[in-house]
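*Asks:* To start, I am sharing the structure in question, which I have written as structure tokens.
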Amino acid sequence: MKYEIIIRNGKIVDGTGSPWYTGDVAVDGGRIVKIGNLQSDLAAREIDASGKIVSPGFIDTHTHYDLVPFEFAEFLYPLAEDKLLQGVTTVITGCCGNSMAPVTNENKGAWLKRRTSRNIERHEEAHWNSFAEYFSELEKRPLGINFASYVGHTTIRFNVLGLSDQKPTRADMEHMKELLRQSLKEGAIGLSSGLIYAPAVFSEHSELVELASVLSEFNAPFASHLRNEENNWIEATKEMIEIVDKNHIPGQIHHVKIMHQKNSEALVREFMDIVYETRERGVDITFDLYPYDAVCIGMEALLLPAWVREGNERAMIARLTDPTLHDRIIEDICRFRRYERYEDMLAGCEKMLVVIAKNNEHLVGKNLCEISSELNMSPLDCAIKIMVESDITAMVVNFAMHPNDISTFVRSPLTMIGSDSVPVKAGWGAHPRNSGTFPRVIRKYVREDNVITLENAVYKMTGFPATRFQFSNRGLIKEEFYADITIFDKNEICDTATYVEPLNTPKGVEYVLVNGCIAVAEGKITGNTGGRILRRGEP
């Protein structure tokens, strides 16, 4: 028998969590067609995987790569080359409440400018309104990887209620529910929320419970960037669990973490107890996680209390530049961030590294205390200056988590891996999770720290998320499954991206197949594009 591709003599880690075994894998027509001893078979292309791991392609369960393939977005890696070189074959987008659809023509420009990817100027080239139209436009582009997407609560709320702090009327609520229902019918995999971001920050618990009721019609998950990941983390977790429990739907906690708490270890134990007790009651809760001790977030979301963030960029800038409000804003930032002493504020600002600063690119890579010394201004006044001059698009990396807590989450059987990465443009900084998340899990938590086994790590990055998001025929090395395959050297795979050099490419990933198309060969991008849109409910 002759196949398109045979991968020979690899150690197959199949994505189920089962121990590895040695075998050959034949690929034909974009699918895995045979596994076993294929020494008597031939192929047009043979790949020698002797001594290497053959695993399903990794699924990045949390990204903000929604616009990466579009030329008008002007990102550095339109084929998601930074993902492919990690072994990633599928990304989930629309996270933290921010999806690219549904949007109205009137709101589209403002929405694309303020969402996570930021600084999208050529929004008139985004030729869509509905989710179906967004997917259709995405399919017209060469796709290096597969794409799936949540629909965002913040997106829906913005397009119905704008940016104001107000409750939806009955008519507004029905409109929001219908937008969600239609997006799910058109292929969105679930609903995401980002409850620290305006305007979602203004949403009451009852709004979220009612909106999420639509998900029960589809058995689709509700994923949440919790309302608080610091001092009220436990309360925010309970809120999310209640939304899921009342609607009898799956729940996904985005980028599970606890930030800045001296007693974080005890809080993590309490969190785990709550979640496991919840699952014992039959409530389906899982997590995604990135394996780093710093977040990457919009400066305004990190620093500014909600009242300052109400309205559009002009409204925020007007408040930030109003001298009569200056002292109140500084006081409320300190209260919001719990800076009880001047030294607390300095310690906090020293941990905030600027990575995106439109019109202040020379400040990228410096923390707020370094910028304070350079500009001879207080750190918080520097932050206000950067926010204003960037039109509220500046972002920072904030060092906030304890390594032991990350290990605890990695060890949990409820955790899958998602980078929470924001794509980059020329002149921007970045978080190393963009380029290093998946190799880092294997290098640090498997090979060095022995927190989990290789088979468990691969399961968290493949079979587990594929099952969770109902990607039938993906996520496993199994006959008749789509040939999303990563081949890597267990002893060599590693992340090289750092906070100083965040775009460094990883090592050890040798081949990547996306739907049977060889996208990486001998560690290099081929330029071949085999990616597809993964719509909810489609095989």
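As shown in the structure tokens, the chain order sets the letters A, B, ...; within each chain, residues go from 1, and ligands are also counted from 1 in the order they appear.
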Would you kindly return, as a ChimeraX atom specification, each protein, DNA or RNA residue with an atom no farther than 12 Å from any atom of segment 376-383 of chain A, considering only C-alpha atoms and excluding same-chain residues fewer than 5 positions away?
*Replies:* /A:298-304,320-321,323,326-327,329-334,337,339,342-354,357,360,363,366-371,388-390,392-396
*Asks:* Which residues are near segment 170-182 of chain A? Cut-off 7 Å, only C-alpha atoms, ignore same chain within fewer than 6 positions. Put them as a list in words.
*Replies:*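 The residues satisfying every condition are Ile156, Arg157, Val160, Leu211 and Val214 of chain A.
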*Asks:* Which neighbours of segment 410-422 of chain A fall inside 9 Å, counting only C-alpha atoms, when residues of the same chain fewer than 5 positions from it are skipped, and could you give them as number ranges by chain?
*Replies:* A: 59-65, 91-92, 95, 116-117, 254-256, 272, 285-291, 295-296, 405, 430-438, 441, 445, 451-452, 456-457, 459-462, 464-465
*Asks:* Just want the 8 Å neighbourhood of segment 248-251 of chain A, counted on only C-alpha atoms, with same-chain residues fewer than 6 positions away dropped. Output as a list in words.
*Replies:* Leu215, Ser216, Asn219, Ala220, Pro221, Phe222, Ala223, Ser224, Met240, Ile241, Val283, Asp284, Ile285 and Thr286 of chain A
*Asks:* Hey, what's within 9 Å of Val458 of chain A if we count only C-alpha atoms and toss same-chain stuff fewer than 6 positions away? As a short mmCIF file (atom, residue, chain, number, x, y, z; two decimals) with all heavy atoms, in the first residue's frame, please?
*Replies:*
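Generated file (out21.cif):
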data_model
loop_
_atom_site.label_atom_id
_atom_site.label_comp_id
_atom_site.auth_asym_id
_atom_site.auth_seq_id
_atom_site.Cartn_x
_atom_site.Cartn_y
_atom_site.Cartn_z
N VAL A 13 2.76 8.99 21.60
CA VAL A 13 2.02 9.43 22.78
C VAL A 13 0.69 9.92 22.24
O VAL A 13 0.58 10.99 21.66
CB VAL A 13 2.77 10.54 23.54
CG1 VAL A 13 1.96 11.01 24.73
CG2 VAL A 13 4.14 10.05 23.98
N ASP A 14 -0.36 9.10 22.40
CA ASP A 14 -1.55 9.25 21.56
C ASP A 14 -2.56 10.31 21.99
O ASP A 14 -3.55 10.55 21.30
CB ASP A 14 -2.26 7.91 21.38
CG ASP A 14 -2.84 7.36 22.68
OD1 ASP A 14 -2.84 8.06 23.71
OD2 ASP A 14 -3.32 6.21 22.65
N GLY A 15 -2.33 10.97 23.13
CA GLY A 15 -3.25 12.02 23.57
C GLY A 15 -4.30 11.56 24.55
O GLY A 15 -5.08 12.38 25.05
N THR A 16 -4.35 10.28 24.85
CA THR A 16 -5.33 9.76 25.81
C THR A 16 -4.81 9.77 27.24
O THR A 16 -5.57 9.57 28.19
CB THR A 16 -5.74 8.32 25.46
OG1 THR A 16 -4.59 7.46 25.62
CG2 THR A 16 -6.27 8.22 24.05
N GLY A 17 -3.50 9.95 27.41
CA GLY A 17 -2.86 9.80 28.71
C GLY A 17 -2.25 8.43 28.90
O GLY A 17 -1.57 8.17 29.90
N SER A 55 3.04 12.91 18.61
CA SER A 55 1.86 13.21 19.41
C SER A 55 0.83 13.94 18.56
O SER A 55 1.15 14.44 17.47
CB SER A 55 2.24 14.08 20.62
OG SER A 55 2.24 15.46 20.29
N PRO A 56 -0.41 14.03 19.03
CA PRO A 56 -1.35 14.90 18.34
C PRO A 56 -0.83 16.34 18.36
O PRO A 56 -0.05 16.73 19.25
CB PRO A 56 -2.62 14.78 19.18
CG PRO A 56 -2.46 13.52 19.97
CD PRO A 56 -1.00 13.39 20.22
N PHE A 58 -0.75 20.13 19.24
CA PHE A 58 -1.20 20.76 20.48
C PHE A 58 -2.35 21.74 20.19
O PHE A 58 -2.39 22.39 19.14
CB PHE A 58 -0.05 21.51 21.14
CG PHE A 58 1.14 20.63 21.46
CD1 PHE A 58 2.44 21.15 21.39
CD2 PHE A 58 0.97 19.30 21.81
CE1 PHE A 58 3.52 20.35 21.68
CE2 PHE A 58 2.06 18.49 22.09
CZ PHE A 58 3.35 19.02 22.03
N ILE A 442 6.59 21.02 28.78
CA ILE A 442 7.35 19.77 28.74
C ILE A 442 8.73 19.95 29.35
O ILE A 442 9.19 19.11 30.14
CB ILE A 442 7.44 19.26 27.29
CG1 ILE A 442 6.03 18.95 26.76
CG2 ILE A 442 8.34 18.02 27.21
CD1 ILE A 442 5.97 18.64 25.29
N PHE A 464 -7.59 16.07 25.98
CA PHE A 464 -8.48 16.71 26.95
C PHE A 464 -9.23 17.89 26.32
O PHE A 464 -10.46 17.92 26.32
CB PHE A 464 -7.65 17.12 28.18
CG PHE A 464 -8.45 17.70 29.32
CD1 PHE A 464 -9.83 17.61 29.38
CD2 PHE A 464 -7.79 18.34 30.37
CE1 PHE A 464 -10.54 18.15 30.45
CE2 PHE A 464 -8.48 18.87 31.44
CZ PHE A 464 -9.86 18.78 31.48
#
*Asks:* Can you work out which one of A:Thr526, A:Thr467, A:Gln261, A:Ser372 has the shortest atom-to-atom distance to Met401 of chain A, counting only C-alpha atoms?
*Replies:*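 Closest to Met401 of chain A of all the choices is A:Gln261.
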*Asks:* A:Glu133, A:Asp165, A:Asp293, A:Asp322: which is nearest Met259 of chain A, counting only C-alpha atoms?
*Replies:*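 Looking only at the distances to Met259 of chain A, the closest residue turns out to be A:Asp293.
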*Asks:* One decimal, Å: what's the distance from atom CA of Lys11 of chain A over to atom CA of Lys52 of chain A, could you say?
*Replies:*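 Computing it gives 6.0 Å between the two atoms.
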*Asks:* Write out as a list in words the residues lying within 10 Å of Phe271 of chain A, counting only C-alpha atoms and excluding same-chain residues fewer than 6 positions away.
*Replies:* Trp233, Ile234, Glu235, Thr237, Lys238, Ile258, Glu265 and Glu277 of chain A
*Asks:* Please identify all polymer residues within 10 Å of Gln39 of chain A, counting only C-alpha atoms, omitting same-chain residues fewer than 5 positions from it, and present them as a VMD selection string.
*Replies:* chain A and resid 6 8 to 9 23 to 24
*Asks:* Using DSSP on the backbone, list every residue of segment 187-353 of chain A that comes out as helix (DSSP H, G or I), and give them as an MDAnalysis selection string.
*Replies:* chainID A and resid 200:202 205:217 233:247 264:280 299:303 306:309 313:320 326:336 342:350
*Asks:* Under the rule that only C-alpha atoms are counted, which of A:Ile47, A:Trp128, A:Glu270, A:Val201 is the nearest residue to Glu522 of chain A?
*Replies:*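 Smallest separation from Glu522 of chain A among the options: A:Ile47.
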*Asks:* In segment 103-202 of chain A, what's strand (DSSP E or B) per DSSP? Answer as an MDAnalysis selection string?
*Replies:* chainID A and resid 146:149 151:152 191:194
